[in-house]
$ cat coords.cif   # mmCIF, C-alpha atoms (C1' of nucleotides)
data_run
loop_
_atom_site.label_atom_id
_atom_site.label_comp_id
_atom_site.auth_asym_id
_atom_site.auth_seq_id
_atom_site.Cartn_x
_atom_site.Cartn_y
_atom_site.Cartn_z
CA MET I 1 185.18 78.81 47.99
CA LEU I 2 182.12 77.23 46.48
CA GLN I 3 181.53 73.79 47.77
CA ARG I 4 181.83 70.86 45.48
CA ARG I 5 178.55 69.11 45.35
CA ILE I 6 177.51 65.68 44.29
CA ASP I 7 173.85 65.06 43.66
CA ASP I 8 171.29 64.10 41.10
CA HIS I 9 169.09 67.17 40.89
CA ALA I 10 168.16 69.09 37.78
CA PRO I 11 168.09 72.88 37.72
CA PRO I 12 164.68 74.40 38.46
CA SER I 13 162.19 74.51 35.60
CA ARG I 14 160.73 77.80 34.41
CA GLU I 15 157.54 76.63 36.02
CA SER I 16 158.95 76.07 39.49
CA MET I 17 160.88 79.31 39.26
CA ARG I 18 157.65 81.18 38.70
CA GLU I 19 156.04 79.34 41.55
CA ALA I 20 158.85 80.32 43.91
CA GLN I 21 158.61 83.93 42.83
CA GLU I 22 154.93 83.87 43.63
CA ILE I 23 155.58 82.51 47.11
CA PHE I 24 158.16 85.21 47.69
CA PHE I 25 156.05 88.09 46.50
CA LYS I 26 153.02 86.93 48.42
CA HIS I 27 155.21 86.89 51.49
CA LEU I 28 156.40 90.43 50.77
CA LYS I 29 152.83 91.58 50.37
CA ARG I 30 151.79 89.91 53.58
CA VAL I 31 154.42 91.66 55.66
CA GLY I 32 153.98 94.98 53.85
CA LEU I 33 157.19 94.99 51.85
CA LYS I 34 157.78 95.95 48.28
CA HIS I 35 158.61 94.13 45.10
CA THR I 36 161.93 95.27 43.65
CA ASP I 37 164.17 94.29 40.79
CA GLN I 38 167.00 93.56 43.16
CA ARG I 39 164.94 91.11 45.17
CA ASP I 40 163.85 89.40 42.01
CA THR I 41 167.40 89.07 40.71
CA ILE I 42 168.60 87.73 44.03
CA LEU I 43 165.82 85.16 44.23
CA ARG I 44 166.47 83.95 40.68
CA THR I 45 170.19 83.69 41.24
CA PHE I 46 169.65 81.78 44.44
CA LEU I 47 167.28 79.28 42.86
CA GLU I 48 169.65 78.65 39.97
CA THR I 49 172.45 77.43 42.20
CA ARG I 50 172.70 73.94 43.53
CA ASP I 51 175.08 74.77 46.32
CA HIS I 52 175.17 75.70 49.95
CA LEU I 53 175.88 79.38 49.65
CA SER I 54 177.22 81.84 52.13
CA THR I 55 175.88 85.36 51.83
CA ASP I 56 179.12 86.46 50.25
CA GLU I 57 179.10 83.67 47.68
CA LEU I 58 175.57 84.52 46.64
CA PHE I 59 176.56 88.18 46.49
CA ARG I 60 179.33 87.37 44.01
CA LEU I 61 176.93 85.45 41.80
CA VAL I 62 174.32 88.18 41.96
CA ARG I 63 176.91 90.76 41.03
CA LYS I 64 177.49 89.00 37.72
CA LYS I 65 173.90 89.70 36.78
CA ASP I 66 173.69 93.19 38.17
CA ALA I 67 176.88 94.81 39.37
CA LYS I 68 174.98 97.52 41.18
CA ILE I 69 173.36 95.25 43.76
CA GLY I 70 175.02 95.60 47.13
CA PHE I 71 176.04 93.04 49.68
CA THR I 72 173.60 94.40 52.22
CA THR I 73 170.64 93.83 49.96
CA VAL I 74 171.68 90.24 49.33
CA TYR I 75 172.08 89.75 53.05
CA ARG I 76 168.64 91.12 53.80
CA THR I 77 166.95 89.28 50.96
CA LEU I 78 168.41 85.99 52.10
CA LYS I 79 166.78 86.59 55.47
CA LEU I 80 163.47 87.27 53.79
CA LEU I 81 163.79 84.08 51.78
CA ALA I 82 164.45 82.14 54.95
CA GLU I 83 161.40 83.75 56.56
CA CYS I 84 159.06 82.48 53.89
CA GLY I 85 160.64 79.04 53.76
CA LEU I 86 162.34 79.30 50.36
CA ALA I 87 165.79 79.20 51.92
CA SER I 88 167.08 77.50 54.99
CA ALA I 89 170.28 77.71 56.94
CA VAL I 90 172.54 74.67 56.95
CA PRO I 91 175.14 74.47 59.71
CA PHE I 92 178.51 73.54 58.23
CA PRO I 93 181.73 72.86 60.08
CA ASP I 94 183.39 76.03 58.80
CA GLY I 95 181.02 78.02 60.97
CA MET I 96 179.90 80.37 58.25
CA ALA I 97 176.17 80.83 57.70
CA ARG I 98 175.17 78.89 54.61
CA TYR I 99 171.83 78.66 52.92
CA GLU I 100 170.30 76.27 50.48
CA HIS I 101 167.04 76.63 48.70
CA GLN I 102 164.14 74.56 49.77
CA PHE I 103 161.94 74.92 46.79
CA ASN I 104 160.62 71.73 45.26
CA ARG I 105 163.21 69.67 47.00
CA ARG I 106 162.65 66.39 48.70
CA ASN I 107 163.51 66.49 52.38
CA HIS I 108 167.17 65.64 52.35
CA HIS I 109 170.31 65.40 54.44
CA HIS I 110 174.01 65.84 53.89
CA MET I 111 177.22 63.90 54.04
CA VAL I 112 180.18 66.24 54.26
CA CYS I 113 183.77 65.28 53.58
CA THR I 114 185.95 66.76 56.29
CA GLU I 115 188.95 66.82 53.95
CA CYS I 116 187.65 68.55 50.82
CA ASP I 117 184.26 69.90 51.96
CA ALA I 118 182.45 68.06 49.20
CA SER I 119 178.88 67.44 50.18
CA VAL I 120 176.62 64.68 49.04
CA GLU I 121 172.91 64.70 49.54
CA PHE I 122 171.02 61.70 50.65
CA PHE I 123 167.41 60.95 51.35
CA SER I 124 166.23 58.98 54.29
CA PRO I 125 162.54 58.66 55.04
CA GLU I 126 163.51 56.94 58.28
CA VAL I 127 164.91 60.19 59.58
CA ASN I 128 161.64 61.98 58.95
CA LYS I 129 159.81 59.25 60.80
CA LEU I 130 162.21 59.62 63.69
CA GLU I 131 161.59 63.36 63.87
CA GLU I 132 157.93 62.67 64.32
CA GLU I 133 158.38 59.93 66.91
CA ILE I 134 160.87 61.82 69.03
CA GLY I 135 158.71 64.94 68.95
CA ARG I 136 155.76 62.99 70.25
CA LYS I 137 157.80 61.40 72.99
CA TYR I 138 159.14 64.69 74.33
CA HIS I 139 156.00 66.74 73.72
CA PHE I 140 157.77 68.93 71.21
CA ASP I 141 155.95 70.33 68.26
CA ALA I 142 158.70 69.30 65.85
CA THR I 143 158.94 71.39 62.72
CA ARG I 144 162.26 70.54 61.13
CA HIS I 145 165.59 68.89 61.69
CA ASN I 146 169.22 68.85 60.71
CA PHE I 147 171.10 65.72 59.90
CA GLN I 148 174.64 65.71 58.67
CA ILE I 149 177.13 62.90 58.55
CA TYR I 150 180.81 63.76 58.52
CA GLY I 151 183.51 61.57 57.12
CA VAL I 152 186.13 61.20 54.42
CA CYS I 153 185.09 60.68 50.83
CA GLU I 154 186.50 58.06 48.50
CA ASP I 155 188.66 60.54 46.55
CA CYS I 156 190.33 61.94 49.64
CA ARG I 157 190.87 58.48 51.02
CA LYS I 158 192.66 57.51 47.81
CA LYS I 159 194.70 60.68 47.85
CA SER I 160 195.90 60.20 51.39
CA ARG I 161 196.75 56.59 50.62
CA ARG I 162 198.94 57.72 47.76
CA ALA I 163 200.64 60.25 50.03
CA ILE I 164 201.92 57.56 52.37
CA MET K 165 172.70 83.21 78.22
CA LEU K 166 173.16 79.68 79.50
CA GLN K 167 170.81 77.30 77.83
CA ARG K 168 168.13 75.66 79.78
CA ARG K 169 168.65 71.96 79.60
CA ILE K 170 166.44 69.02 80.25
CA ASP K 171 168.04 65.64 80.67
CA ASP K 172 168.57 62.76 83.01
CA HIS K 173 172.31 62.75 83.51
CA ALA K 174 174.17 62.83 86.80
CA PRO K 175 177.28 65.00 87.27
CA PRO K 176 180.57 63.21 86.60
CA SER K 177 181.94 61.01 89.37
CA ARG K 178 185.35 61.68 90.88
CA GLU K 179 186.41 58.58 89.06
CA SER K 180 185.38 59.68 85.59
CA MET K 181 186.81 63.12 86.22
CA ARG K 182 190.19 61.57 86.90
CA GLU K 183 189.87 59.45 83.81
CA ALA K 184 189.15 62.48 81.63
CA GLN K 185 192.12 64.31 83.11
CA GLU K 186 194.30 61.39 82.19
CA ILE K 187 193.06 61.43 78.60
CA PHE K 188 193.73 65.13 78.41
CA PHE K 189 197.23 65.01 79.85
CA LYS K 190 198.22 62.08 77.72
CA HIS K 191 197.09 64.08 74.73
CA LEU K 192 199.18 67.05 75.85
CA LYS K 193 202.19 64.80 76.27
CA ARG K 194 201.67 63.28 72.85
CA VAL K 195 201.66 66.62 71.06
CA GLY K 196 204.49 68.05 73.18
CA LEU K 197 202.46 70.49 75.27
CA LYS K 198 202.65 71.20 78.95
CA HIS K 199 200.47 70.48 81.92
CA THR K 200 199.36 73.67 83.62
CA ASP K 201 197.06 74.62 86.47
CA GLN K 202 194.94 76.70 84.13
CA ARG K 203 194.32 73.81 81.79
CA ASP K 204 193.38 71.61 84.70
CA THR K 205 190.94 74.16 86.09
CA ILE K 206 189.36 74.67 82.70
CA LEU K 207 188.94 70.94 82.11
CA ARG K 208 187.34 70.42 85.52
CA THR K 209 184.98 73.32 85.07
CA PHE K 210 183.97 72.08 81.66
CA LEU K 211 183.25 68.56 82.87
CA GLU K 212 181.16 69.83 85.76
CA THR K 213 178.68 71.56 83.52
CA ARG K 214 175.79 69.88 81.78
CA ASP K 215 175.25 72.56 79.20
CA HIS K 216 176.19 73.50 75.70
CA LEU K 217 178.72 76.18 76.40
CA SER K 218 180.07 78.95 74.26
CA THR K 219 183.68 79.89 74.90
CA ASP K 220 182.54 82.99 76.71
CA GLU K 221 180.13 81.11 78.94
CA LEU K 222 182.83 78.66 79.96
CA PHE K 223 185.18 81.56 80.55
CA ARG K 224 182.73 83.10 83.02
CA LEU K 225 182.44 79.83 84.93
CA VAL K 226 186.20 79.34 84.98
CA ARG K 227 186.70 82.84 86.31
CA LYS K 228 184.71 81.98 89.40
CA LYS K 229 187.35 79.42 90.30
CA ASP K 230 190.37 81.42 89.26
CA ALA K 231 189.86 85.04 88.36
CA LYS K 232 193.29 85.28 86.80
CA ILE K 233 192.61 82.89 83.94
CA GLY K 234 192.12 84.76 80.68
CA PHE K 235 189.65 84.30 77.91
CA THR K 236 192.38 83.36 75.46
CA THR K 237 193.47 80.42 77.56
CA VAL K 238 189.93 79.11 77.81
CA TYR K 239 189.56 79.49 74.08
CA ARG K 240 192.76 77.59 73.37
CA THR K 241 192.06 74.89 75.92
CA LEU K 242 188.64 74.26 74.46
CA LYS K 243 190.31 73.61 71.12
CA LEU K 244 192.69 71.16 72.75
CA LEU K 245 189.78 69.38 74.40
CA ALA K 246 188.05 69.10 71.06
CA GLU K 247 191.25 67.70 69.53
CA CYS K 248 191.42 64.83 71.97
CA GLY K 249 187.71 64.10 71.78
CA LEU K 250 186.71 65.31 75.24
CA ALA K 251 184.69 68.16 73.79
CA SER K 252 182.75 68.51 70.61
CA ALA K 253 181.15 71.38 68.79
CA VAL K 254 177.37 71.44 68.54
CA PRO K 255 175.85 73.69 65.88
CA PHE K 256 173.00 75.72 67.37
CA PRO K 257 170.71 78.11 65.59
CA ASP K 258 172.16 81.18 67.35
CA GLY K 259 175.31 80.70 65.28
CA MET K 260 177.71 80.85 68.20
CA ALA K 261 180.23 78.06 68.62
CA ARG K 262 179.05 75.79 71.41
CA TYR K 263 180.73 72.81 72.95
CA GLU K 264 179.56 69.96 75.06
CA HIS K 265 181.66 67.38 76.78
CA GLN K 266 181.79 63.92 75.36
CA PHE K 267 183.18 62.09 78.30
CA ASN K 268 181.26 59.03 79.40
CA ARG K 269 178.23 60.08 77.47
CA ARG K 270 176.10 57.88 75.35
CA ASN K 271 175.93 58.99 71.74
CA HIS K 272 173.06 61.42 71.79
CA HIS K 273 171.17 64.01 69.81
CA HIS K 274 169.28 67.19 70.55
CA MET K 275 165.85 68.65 70.33
CA VAL K 276 165.98 72.42 70.48
CA CYS K 277 163.06 74.69 71.23
CA THR K 278 163.11 77.56 68.76
CA GLU K 279 161.24 79.79 71.22
CA CYS K 280 163.22 79.48 74.44
CA ASP K 281 166.39 77.64 73.29
CA ALA K 282 165.81 74.86 75.78
CA SER K 283 167.48 71.70 74.61
CA VAL K 284 166.51 68.14 75.37
CA GLU K 285 168.76 65.23 74.72
CA PHE K 286 167.55 62.05 73.22
CA PHE K 287 169.13 58.77 72.29
CA SER K 288 168.44 56.94 69.12
CA PRO K 289 170.43 53.88 68.17
CA GLU K 290 168.64 53.96 64.81
CA VAL K 291 170.47 57.14 63.90
CA ASN K 292 173.81 55.50 64.56
CA LYS K 293 172.81 52.62 62.38
CA LEU K 294 171.81 55.04 59.63
CA GLU K 295 175.20 56.75 59.78
CA GLU K 296 176.85 53.44 59.07
CA GLU K 297 174.49 52.45 56.28
CA ILE K 298 174.62 55.76 54.46
CA GLY K 299 178.39 55.85 54.73
CA ARG K 300 178.65 52.46 53.11
CA LYS K 301 176.27 53.42 50.35
CA TYR K 302 178.16 56.57 49.37
CA HIS K 303 181.65 55.20 50.00
CA PHE K 304 182.27 57.66 52.78
CA ASP K 305 184.34 56.74 55.76
CA ALA K 306 181.76 58.11 58.19
CA THR K 307 183.16 59.23 61.52
CA ARG K 308 180.43 61.24 63.21
CA HIS K 309 177.15 63.00 62.66
CA ASN K 310 174.90 65.79 63.82
CA PHE K 311 171.25 65.37 64.41
CA GLN K 312 169.07 68.07 65.80
CA ILE K 313 165.33 68.41 65.75
CA TYR K 314 163.84 71.87 66.04
CA GLY K 315 160.41 72.62 67.34
CA VAL K 316 158.42 74.29 70.08
CA CYS K 317 158.42 72.80 73.57
CA GLU K 318 155.34 72.20 75.68
CA ASP K 319 155.94 75.21 77.93
CA CYS K 320 156.26 77.63 75.06
CA ARG K 321 153.22 76.19 73.39
CA LYS K 322 151.22 76.77 76.57
CA LYS K 323 152.56 80.28 76.90
CA SER K 324 151.65 81.26 73.38
CA ARG K 325 148.19 79.76 73.81
CA ARG K 326 147.64 81.95 76.86
CA ALA K 327 148.79 84.99 74.93
CA ILE K 328 145.94 84.63 72.43
"C1'" DG O 329 219.13 75.19 89.86
"C1'" DG O 330 219.65 76.44 84.84
"C1'" DT O 331 217.84 76.74 80.45
"C1'" DA O 332 215.06 75.86 76.49
"C1'" DT O 333 210.50 75.59 75.29
"C1'" DA O 334 205.83 76.41 75.75
"C1'" DA O 335 201.88 78.90 78.17
"C1'" DT O 336 199.69 82.81 79.45
"C1'" DG O 337 196.82 86.81 78.96
"C1'" DA O 338 196.20 91.57 77.56
"C1'" DA O 339 195.63 93.86 73.63
"C1'" DA O 340 195.24 94.17 68.83
"C1'" DA O 341 193.59 92.18 64.51
"C1'" DT O 342 190.42 89.84 61.86
"C1'" DG O 343 186.30 89.01 59.58
"C1'" DA O 344 181.44 87.87 59.36
"C1'" DA O 345 177.09 89.75 60.61
"C1'" DT O 346 174.38 93.68 61.39
"C1'" DT O 347 173.02 98.53 61.66
"C1'" DT O 348 173.01 103.32 60.20
"C1'" DC O 349 171.77 106.81 57.25
"C1'" DA O 350 171.54 109.61 53.13
"C1'" DT O 351 169.61 108.74 48.81
"C1'" DT O 352 166.59 106.39 45.63
"C1'" DT O 353 162.63 103.61 44.41
"C1'" DT O 354 158.04 101.77 44.86
"C1'" DC O 355 153.17 102.15 44.84
"C1'" DA O 356 148.70 103.74 46.35
"C1'" DT O 357 146.34 107.88 45.63
"C1'" DT O 358 145.31 111.65 43.21
"C1'" DA X 359 151.19 111.05 34.62
"C1'" DA X 360 152.30 113.53 39.28
"C1'" DT X 361 152.55 113.26 44.25
"C1'" DG X 362 154.17 111.84 48.54
"C1'" DA X 363 154.51 108.54 52.27
"C1'" DA X 364 156.74 104.41 53.20
"C1'" DA X 365 160.11 101.31 52.20
"C1'" DA X 366 164.50 99.79 49.77
"C1'" DT X 367 169.02 100.40 48.67
"C1'" DG X 368 173.95 100.28 49.33
"C1'" DA X 369 178.18 102.33 51.13
"C1'" DA X 370 180.14 102.86 55.23
"C1'" DA X 371 180.35 102.23 60.03
"C1'" DT X 372 179.61 99.30 63.89
"C1'" DT X 373 179.30 95.28 66.54
"C1'" DC X 374 180.92 91.24 68.27
"C1'" DA X 375 182.83 86.53 68.34
"C1'" DT X 376 186.99 84.59 67.09
"C1'" DT X 377 191.84 84.44 66.34
"C1'" DT X 378 196.58 86.19 66.41
"C1'" DT X 379 200.45 88.77 68.34
"C1'" DC X 380 203.79 89.55 71.62
"C1'" DA X 381 205.96 90.55 75.99
"C1'" DT X 382 206.06 88.18 80.24
"C1'" DT X 383 205.77 84.03 83.13
"C1'" DA X 384 205.71 79.10 84.09
"C1'" DT X 385 206.95 74.25 83.12
"C1'" DA X 386 209.89 70.39 82.65
"C1'" DC X 387 213.90 68.24 81.06
"C1'" DC X 388 218.87 68.25 81.91
#
$ encode --input "coords.cif" --output "structure tokens"
Amino acid sequence: MLQRRIDDHAPPSRESMREAQEIFFKHLKRVGLKHTDQRDTILRTFLETRDHLSTDELFRLVRKKDAKIGFTTVYRTLKLLAECGLASAVPFPDGMARYEHQFNRRNHHHMVCTECDASVEFFSPEVNKLEEEIGRKYHFDATRHNFQIYGVCEDCRKKSRRAI
Amino acid sequence: MLQRRIDDHAPPSRESMREAQEIFFKHLKRVGLKHTDQRDTILRTFLETRDHLSTDELFRLVRKKDAKIGFTTVYRTLKLLAECGLASAVPFPDGMARYEHQFNRRNHHHMVCTECDASVEFFSPEVNKLEEEIGRKYHFDATRHNFQIYGVCEDCRKKSRRAI
DNA sequence: GGTATAATGAAAATGAATTTCATTTTCATT
DNA sequence: AATGAAAATGAAATTCATTTTCATTATACC
């Protein structure tokens, strides 16, 4: 099931799409891999979504554009995208590996409703500051962080109140 | 592999062990389940560790105390412990389900070394405050959060410097 | 102590993640 | 444009953690 998502982001512009493609293909070049149509289709599909996708969910979307692309290729491409920083894994409570794209996005965090799995993004510069401070304190070279808040959203709260 | 862990906590006192057992057995009573030797052994083993354990890792530790306890029982007991709040799942980058015990522990967060998987705990009241604020802002009834910082620890940094 | 109910644990099932391998495609070099 | 080495692809198989099934055993209420 695709996750419901509540945020205020626009889809990527043609410009930023091109920029992401360039990043990807430079990465491929660097590690001696080849540019293929499949990889291009998968990257474009991924950037067009605004969700936290499992490999299988992305596969289904990709298949709409090109029914001949296999699951395995999506799986491997997603790993490549993560390698070059265009995608990153987000741990969700359902335990399945989920990715979101990191291109042209402000550093953000998630609130997840434990009832309906809706996720809301929020932005908190304080958290970024904390990452830095804590890293210094423990002599870690901090590179990234995860921050998710779990709770029950307004809709689900209303629903369960009605159910009583 | 058991994770290396760096923190400043003492093992649980006899007192707090008894208290946790009481919480557990009251929970069993409440949901109509029975008190068994296996469950007791598993709870004690779990509380004695200071690590983030996968089901399999806990199973191996439990087996040292009672070789007849099966994996399935450990698996199910861990779920029960999570239900009553004595254990909680911690998402780690290796993707395996890991639990840590929550008994008599200050609300804490983790720094994880992406090289050696060592984890360091840290405590940040600011993060708890943030949970509350963000929840209010987005009309979420916030109940808990995850916060992990990833980076490279001092040891690994030294090692990789030597390797050059 | 007897009996109903739940627990146990071995084995099987499930399902996501990963690997294998035969075939096809890419791309640098003719 | 043709060649060929290297890599990509994708279907199928495998791996492996997790979860369920089910026959047997243990618990606890009477």
$ residues_around --input "coords.cif" --residues "region 363-378 of chain X" --least-positions-apart "6" --cutoff "8 Å" --atoms "all atoms listed in the file" --output "ChimeraX atom specification"
/I:33-34,69-73 /K:260 /O:341-342,346-348,352-354
$ resolve_selection --input "coords.cif" --expression "the PyMOL selection byres ((chain K) within 7 of (chain I))" --output "count of residues only"
18
$ closest_atom_pairs --input "coords.cif" --of "chain X" --to "chain K" --cutoff "9 Å" --atoms "all atoms listed in the file" --output "tab-separated table"
residue	atom	partner	partner_atom	distance
X:DA375	C1'	K:Met260	CA	7.6
X:DA384	C1'	K:Thr200	CA	8.4
X:DT385	C1'	K:Lys198	CA	6.7
X:DA386	C1'	K:Lys198	CA	8.2
$ calpha_fit_and_write --input "coords.cif" --fixed "chain I" --moving "chain K" --output "compact mmCIF listing (two decimals) with C-alpha atoms, in the coordinates of the input"
# COMPACT_ATOMS: atom_id res chain seq x y z
CA MET K 165 185.16 78.82 48.15
CA LEU K 166 182.10 77.28 46.56
CA GLN K 167 181.50 73.81 47.83
CA ARG K 168 181.84 70.92 45.55
CA ARG K 169 178.54 69.16 45.40
CA ILE K 170 177.50 65.74 44.31
CA ASP K 171 173.85 65.10 43.67
CA ASP K 172 171.31 64.11 41.09
CA HIS K 173 169.12 67.17 40.85
CA ALA K 174 168.21 69.08 37.71
CA PRO K 175 168.15 72.90 37.67
CA PRO K 176 164.73 74.43 38.38
CA SER K 177 162.26 74.56 35.50
CA ARG K 178 160.85 77.86 34.30
CA GLU K 179 157.65 76.70 35.87
CA SER K 180 159.01 76.12 39.36
CA MET K 181 160.96 79.35 39.17
CA ARG K 182 157.74 81.24 38.57
CA GLU K 183 156.10 79.40 41.40
CA ALA K 184 158.88 80.34 43.82
CA GLN K 185 158.66 83.96 42.73
CA GLU K 186 154.98 83.91 43.50
CA ILE K 187 155.60 82.53 46.99
CA PHE K 188 158.18 85.21 47.59
CA PHE K 189 156.07 88.11 46.38
CA LYS K 190 153.04 86.96 48.27
CA HIS K 191 155.20 86.88 51.36
CA LEU K 192 156.40 90.42 50.68
CA LYS K 193 152.83 91.58 50.25
CA ARG K 194 151.77 89.89 53.46
CA VAL K 195 154.40 91.63 55.56
CA GLY K 196 153.97 94.98 53.79
CA LEU K 197 157.22 95.00 51.82
CA LYS K 198 157.83 95.98 48.25
CA HIS K 199 158.65 94.15 45.08
CA THR K 200 161.95 95.31 43.64
CA ASP K 201 164.19 94.33 40.75
CA GLN K 202 167.02 93.58 43.14
CA ARG K 203 164.96 91.13 45.13
CA ASP K 204 163.86 89.42 41.96
CA THR K 205 167.42 89.10 40.67
CA ILE K 206 168.62 87.74 43.98
CA LEU K 207 165.84 85.16 44.17
CA ARG K 208 166.50 83.96 40.62
CA THR K 209 170.22 83.70 41.20
CA PHE K 210 169.68 81.78 44.39
CA LEU K 211 167.31 79.28 42.79
CA GLU K 212 169.69 78.67 39.91
CA THR K 213 172.46 77.43 42.14
CA ARG K 214 172.74 73.93 43.51
CA ASP K 215 175.11 74.77 46.30
CA HIS K 216 175.17 75.68 49.93
CA LEU K 217 175.87 79.36 49.67
CA SER K 218 177.22 81.82 52.16
CA THR K 219 175.87 85.34 51.86
CA ASP K 220 179.11 86.44 50.29
CA GLU K 221 179.11 83.65 47.73
CA LEU K 222 175.58 84.51 46.66
CA PHE K 223 176.56 88.16 46.52
CA ARG K 224 179.34 87.37 44.05
CA LEU K 225 176.96 85.44 41.81
CA VAL K 226 174.34 88.18 41.97
CA ARG K 227 176.92 90.78 41.03
CA LYS K 228 177.53 89.02 37.74
CA LYS K 229 173.95 89.76 36.77
CA ASP K 230 173.73 93.23 38.20
CA ALA K 231 176.91 94.83 39.42
CA LYS K 232 175.02 97.56 41.22
CA ILE K 233 173.38 95.29 43.78
CA GLY K 234 175.04 95.62 47.17
CA PHE K 235 176.02 93.06 49.71
CA THR K 236 173.55 94.43 52.23
CA THR K 237 170.62 93.82 49.93
CA VAL K 238 171.67 90.24 49.31
CA TYR K 239 172.04 89.75 53.03
CA ARG K 240 168.59 91.13 53.76
CA THR K 241 166.93 89.28 50.91
CA LEU K 242 168.38 86.00 52.07
CA LYS K 243 166.74 86.58 55.43
CA LEU K 244 163.42 87.25 53.73
CA LEU K 245 163.77 84.06 51.72
CA ALA K 246 164.43 82.13 54.89
CA GLU K 247 161.35 83.71 56.49
CA CYS K 248 159.04 82.45 53.79
CA GLY K 249 160.63 79.02 53.66
CA LEU K 250 162.34 79.31 50.28
CA ALA K 251 165.77 79.18 51.87
CA SER K 252 167.07 77.47 54.93
CA ALA K 253 170.25 77.65 56.91
CA VAL K 254 172.52 74.62 56.91
CA PRO K 255 175.13 74.41 59.67
CA PHE K 256 178.51 73.47 58.20
CA PRO K 257 181.71 72.82 60.05
CA ASP K 258 183.40 75.98 58.71
CA GLY K 259 181.07 78.00 60.93
CA MET K 260 179.90 80.35 58.20
CA ALA K 261 176.18 80.79 57.68
CA ARG K 262 175.16 78.83 54.61
CA TYR K 263 171.82 78.62 52.89
CA GLU K 264 170.30 76.25 50.44
CA HIS K 265 167.05 76.63 48.62
CA GLN K 266 164.13 74.56 49.69
CA PHE K 267 161.95 74.94 46.68
CA ASN K 268 160.67 71.73 45.16
CA ARG K 269 163.22 69.69 46.98
CA ARG K 270 162.62 66.45 48.72
CA ASN K 271 163.47 66.56 52.40
CA HIS K 272 167.13 65.67 52.40
CA HIS K 273 170.25 65.44 54.50
CA HIS K 274 173.96 65.86 53.95
CA MET K 275 177.15 63.93 54.08
CA VAL K 276 180.12 66.25 54.32
CA CYS K 277 183.70 65.31 53.60
CA THR K 278 185.89 66.75 56.34
CA GLU K 279 188.89 66.82 53.99
CA CYS K 280 187.60 68.60 50.90
CA ASP K 281 184.20 69.94 52.07
CA ALA K 282 182.40 68.13 49.29
CA SER K 283 178.82 67.50 50.25
CA VAL K 284 176.55 64.73 49.07
CA GLU K 285 172.85 64.77 49.58
CA PHE K 286 170.94 61.77 50.67
CA PHE K 287 167.33 61.02 51.38
CA SER K 288 166.13 59.04 54.30
CA PRO K 289 162.45 58.75 55.07
CA GLU K 290 163.44 56.98 58.29
CA VAL K 291 164.89 60.20 59.64
CA ASN K 292 161.62 62.01 59.04
CA LYS K 293 159.80 59.28 60.85
CA LEU K 294 162.23 59.57 63.76
CA GLU K 295 161.61 63.32 64.01
CA GLU K 296 157.94 62.63 64.49
CA GLU K 297 158.42 59.84 67.01
CA ILE K 298 160.94 61.67 69.15
CA GLY K 299 158.80 64.79 69.14
CA ARG K 300 155.85 62.84 70.43
CA LYS K 301 157.91 61.17 73.11
CA TYR K 302 159.30 64.42 74.52
CA HIS K 303 156.16 66.50 74.00
CA PHE K 304 157.89 68.74 71.52
CA ASP K 305 156.04 70.21 68.61
CA ALA K 306 158.77 69.21 66.16
CA THR K 307 158.98 71.36 63.06
CA ARG K 308 162.28 70.53 61.40
CA HIS K 309 165.61 68.86 61.90
CA ASN K 310 169.24 68.80 60.87
CA PHE K 311 171.08 65.69 60.00
CA GLN K 312 174.60 65.67 58.74
CA ILE K 313 177.08 62.85 58.57
CA TYR K 314 180.76 63.71 58.53
CA GLY K 315 183.44 61.53 57.08
CA VAL K 316 186.07 61.22 54.39
CA CYS K 317 185.02 60.74 50.78
CA GLU K 318 186.44 58.15 48.42
CA ASP K 319 188.60 60.64 46.52
CA CYS K 320 190.24 61.99 49.63
CA ARG K 321 190.81 58.52 50.94
CA LYS K 322 192.59 57.60 47.71
CA LYS K 323 194.64 60.77 47.82
CA SER K 324 195.82 60.21 51.35
CA ARG K 325 196.68 56.60 50.54
CA ARG K 326 198.89 57.78 47.70
CA ALA K 327 200.58 60.26 49.99
CA ILE K 328 201.87 57.48 52.25
$ resolve_selection --input "coords.cif" --expression "the PyMOL selection byres ((chain X and resi 383) around 9)" --output "PyMOL selection string"
(chain O and resi 335-336) or (chain X and resi 382+384)
$ write_last_selection --input "coords.cif" --atoms "C-alpha atoms (C1' of nucleotides)" --output "mmCIF file, keeping the file's coordinate frame"
data_model
loop_
_atom_site.group_PDB
_atom_site.id
_atom_site.type_symbol
_atom_site.label_atom_id
_atom_site.label_comp_id
_atom_site.auth_asym_id
_atom_site.auth_seq_id
_atom_site.Cartn_x
_atom_site.Cartn_y
_atom_site.Cartn_z
ATOM 1 C "C1'" DA O 335 201.880 78.900 78.170
ATOM 2 C "C1'" DT O 336 199.690 82.810 79.450
ATOM 3 C "C1'" DT X 382 206.060 88.180 80.240
ATOM 4 C "C1'" DA X 384 205.710 79.100 84.090
#
$ closest_residue --input "coords.cif" --among "O:DA345, O:DA339, O:DT357, O:DA334" --to "chain I" --atoms "only C-alpha atoms (C1' of nucleotides)"
O:DA345
$ atom_distance --input "coords.cif" --atom1 "CA of Met181 (chain K)" --atom2 "CA of His273 (chain K)"
22.7 Å
$ residues_near_point --input "coords.cif" --point "(166.3, 91.6, 40.3)" --cutoff "12 Å" --atoms "only C-alpha atoms (C1' of nucleotides)" --output "list in words"
Gln21, His35, Thr36, Asp37, Gln38, Arg39, Asp40, Thr41, Ile42, Leu43, Arg44, Thr45, Phe46, Val62, Arg63, Lys64, Lys65, Asp66, Ala67, Lys68, Ile69, Gly70, Thr73, Val74 and Thr77 of chain I
$ atom_distance --input "coords.cif" --atom1 "CA of Leu225 (chain K)" --atom2 "CA of Thr213 (chain K)"
9.2 Å
